[in-house]
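Visitor: Got a structure here, written out as structure tokens. Questions coming.
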Amino acid sequence: MKDKDFKPGVQDDKLMELVKQVYSDADIVLVTYSENPGAGINYHRDDSYAATEARSINIGNSDWGYRAAKERMAWTREENQDAPYQEFKLESGTVTRFNCKNEHAALNTEAGRWSINIWSIKNDQGRENSVRQKFENFLTSNQPPRAVVQSNNDLTIKANWQRRQCGCFQATEIFIYIH
């Protein structure tokens, strides 16, 4: 985060209201959609701006890969080098609390899966080039968001549909426009 800055995104107060019920310390959210089966994200650790604890709301079925090398929900350099990679089935509606500095992945996602990923900005106040201070400065700068969702009327959802062998339809592309 040394050479990075925070930038405005989409503001959705209703989404943040939901997110705060799941994680009261939430500062930022990333919503992702898996259009195709098997889409997801390979093993990774989250960026340094994030506090150690994160949450994820799973909407749709997926496998969750996790390697608990850092065994506490606190920042530490200590790692269990022998920690195994584990995979779990996540059913739709599952909320996962995890140490985002451990390697984790969303694997074998089903088509149409949504994920709401939630972080708090790490609290490193008083340190040189503090990420928390950069975030607080960004918030007080009152930069307008790129878009504001005030109601469903602000959203236009368009989809391209394809008939499947079963006779039912499946969305092959979904576009969400915020105006």
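Lettering and numbering for the structure tokens are positional, with chains as A, B, ... in the shown order, residues counted from 1 in each chain, and ligands counted from 1 in the shown order.
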Could you name the residues that touch Gly65 of chain A at 7 Å or less, counting only C-alpha atoms, but leaving out those on the same chain fewer than 5 positions away, as an mmCIF file with N, CA and C atoms, in the first residue's frame?

Guide:
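Dumped everything to part.cif:
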```
data_model
loop_
_atom_site.group_PDB
_atom_site.id
_atom_site.type_symbol
_atom_site.label_atom_id
_atom_site.label_comp_id
_atom_site.auth_asym_id
_atom_site.auth_seq_id
_atom_site.Cartn_x
_atom_site.Cartn_y
_atom_site.Cartn_z
ATOM 1 N N TYR A 85 -3.214 -28.019 2.915
ATOM 2 C CA TYR A 85 -4.289 -27.365 2.173
ATOM 3 C C TYR A 85 -5.542 -28.200 2.400
ATOM 4 N N GLN A 86 -6.638 -27.544 2.761
ATOM 5 C CA GLN A 86 -7.894 -28.237 3.006
ATOM 6 C C GLN A 86 -8.971 -27.644 2.107
ATOM 7 N N GLU A 87 -9.935 -28.461 1.740
ATOM 8 C CA GLU A 87 -11.056 -27.972 0.942
ATOM 9 C C GLU A 87 -12.359 -28.342 1.614
ATOM 10 N N PHE A 88 -13.296 -27.407 1.602
ATOM 11 C CA PHE A 88 -14.591 -27.570 2.234
ATOM 12 C C PHE A 88 -15.680 -27.219 1.227
ATOM 13 N N HIS A 104 -6.019 -18.836 0.619
ATOM 14 C CA HIS A 104 -7.404 -19.280 0.499
ATOM 15 C C HIS A 104 -7.836 -19.167 -0.957
ATOM 16 N N ALA A 105 -8.914 -19.890 -1.303
ATOM 17 C CA ALA A 105 -9.361 -19.927 -2.699
ATOM 18 C C ALA A 105 -10.848 -20.264 -2.768
ATOM 19 N N ALA A 106 -11.491 -19.792 -3.828
ATOM 20 C CA ALA A 106 -12.853 -20.218 -4.168
ATOM 21 C C ALA A 106 -12.706 -21.135 -5.377
ATOM 22 N N LEU A 107 -13.026 -22.395 -5.199
ATOM 23 C CA LEU A 107 -12.781 -23.411 -6.224
ATOM 24 C C LEU A 107 -14.090 -24.064 -6.655
#
```

Visitor: Check which residues of segment 56-156 of chain A sit at most 9 Å from segment 45-49 of chain A using only C-alpha atoms, and return one row each with the closest pair of atoms and their distance in Å to one decimal, ordered by chain and rising number, as CSV.

Guide:
```
residue,atom,partner,partner_atom,distance
A:Cys100,CA,A:Asp46,CA,5.6
A:Lys101,CA,A:Arg45,CA,5.1
A:Asn102,CA,A:Arg45,CA,5.8
A:Glu103,CA,A:Arg45,CA,4.9
A:His104,CA,A:Arg45,CA,6.6
A:Ala105,CA,A:Arg45,CA,8.9
A:Ser120,CA,A:Tyr49,CA,8.6
A:Ile121,CA,A:Tyr49,CA,5.8
A:Lys122,CA,A:Tyr49,CA,6.0
A:Val131,CA,A:Tyr49,CA,6.1
A:Arg132,CA,A:Tyr49,CA,8.0
```

Visitor: Okay, now the selection with C-alpha atoms, as a PDB file, in the first residue's frame?

Guide:
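Result saved to out25.pdb:
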```pdb
ATOM      1  CA  CYS A 100      -7.086 -13.458   5.032  1.00  0.00           C
ATOM      2  CA  LYS A 101      -3.295 -13.599   5.444  1.00  0.00           C
ATOM      3  CA  ASN A 102      -3.565 -17.374   5.057  1.00  0.00           C
ATOM      4  CA  GLU A 103      -3.791 -18.778   1.556  1.00  0.00           C
ATOM      5  CA  HIS A 104      -7.404 -19.280   0.499  1.00  0.00           C
ATOM      6  CA  ALA A 105      -9.361 -19.927  -2.699  1.00  0.00           C
ATOM      7  CA  SER A 120     -11.688  -3.926   7.619  1.00  0.00           C
ATOM      8  CA  ILE A 121      -8.698  -1.696   6.873  1.00  0.00           C
ATOM      9  CA  LYS A 122      -5.830  -2.661   9.152  1.00  0.00           C
ATOM     10  CA  VAL A 131      -2.755   2.502   5.612  1.00  0.00           C
ATOM     11  CA  ARG A 132      -5.475   3.323   8.181  1.00  0.00           C
TER      12      ARG A 132
END
```

Visitor: Mind pulling up the distance from atom CA of Glu53 of chain A to atom CA of Val19 of chain A?

Guide: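 Distance between the two atoms: 14.3 Å.
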
Visitor: Could you go through segment 102-145 of chain A and tell me which residues DSSP, when run on the backbone, assigns to strand (DSSP E or B), listing them as a count of residues only?

Guide: 13

Visitor: So how many Å separate atom CA of Gly93 of chain A and atom CA of Glu17 of chain A, to one decimal?

Guide: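 A separation of 17.0 Å between them.
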
Visitor: Set the distance at 7 Å and use only C-alpha atoms: which residues neighbour Trp119 of chain A once local chain neighbours fewer than 4 positions away are removed? I'd like the list as a list in words.

Guide: Ala26, Asp27, Ile28, Val29, Ala50, Ala51, Ala54 and Arg55 of chain A

Visitor: Please, which residues of segment 1-107 of chain A, numbered as in this document, come out helix (DSSP H, G or I) from DSSP, as a PyMOL selection string?

Guide: chain A and resi 13-22

Visitor: So that I can see what lies close to Thr109 of chain A, please list as a count of residues only the residues with an atom at most 10 Å from it, counting only C-alpha atoms and leaving out residues fewer than 5 positions away in the same chain.

Guide: 16

Visitor: Measure the distance from atom CA of Ile57 of chain A to atom CA of Asn117 of chain A in Å and round it to one decimal.

Guide: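 Taking atom CA of Ile57 of chain A and atom CA of Asn117 of chain A, their separation equals 6.5 Å.
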
Visitor: From the set A:Asn123, A:Asn58, A:Asn80, A:Thr140, which residue has the shortest atom-to-atom contact distance to Asp25 of chain A, counting only C-alpha atoms?

Guide: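 Of the candidates, the smallest distance to Asp25 of chain A is held by A:Asn123.
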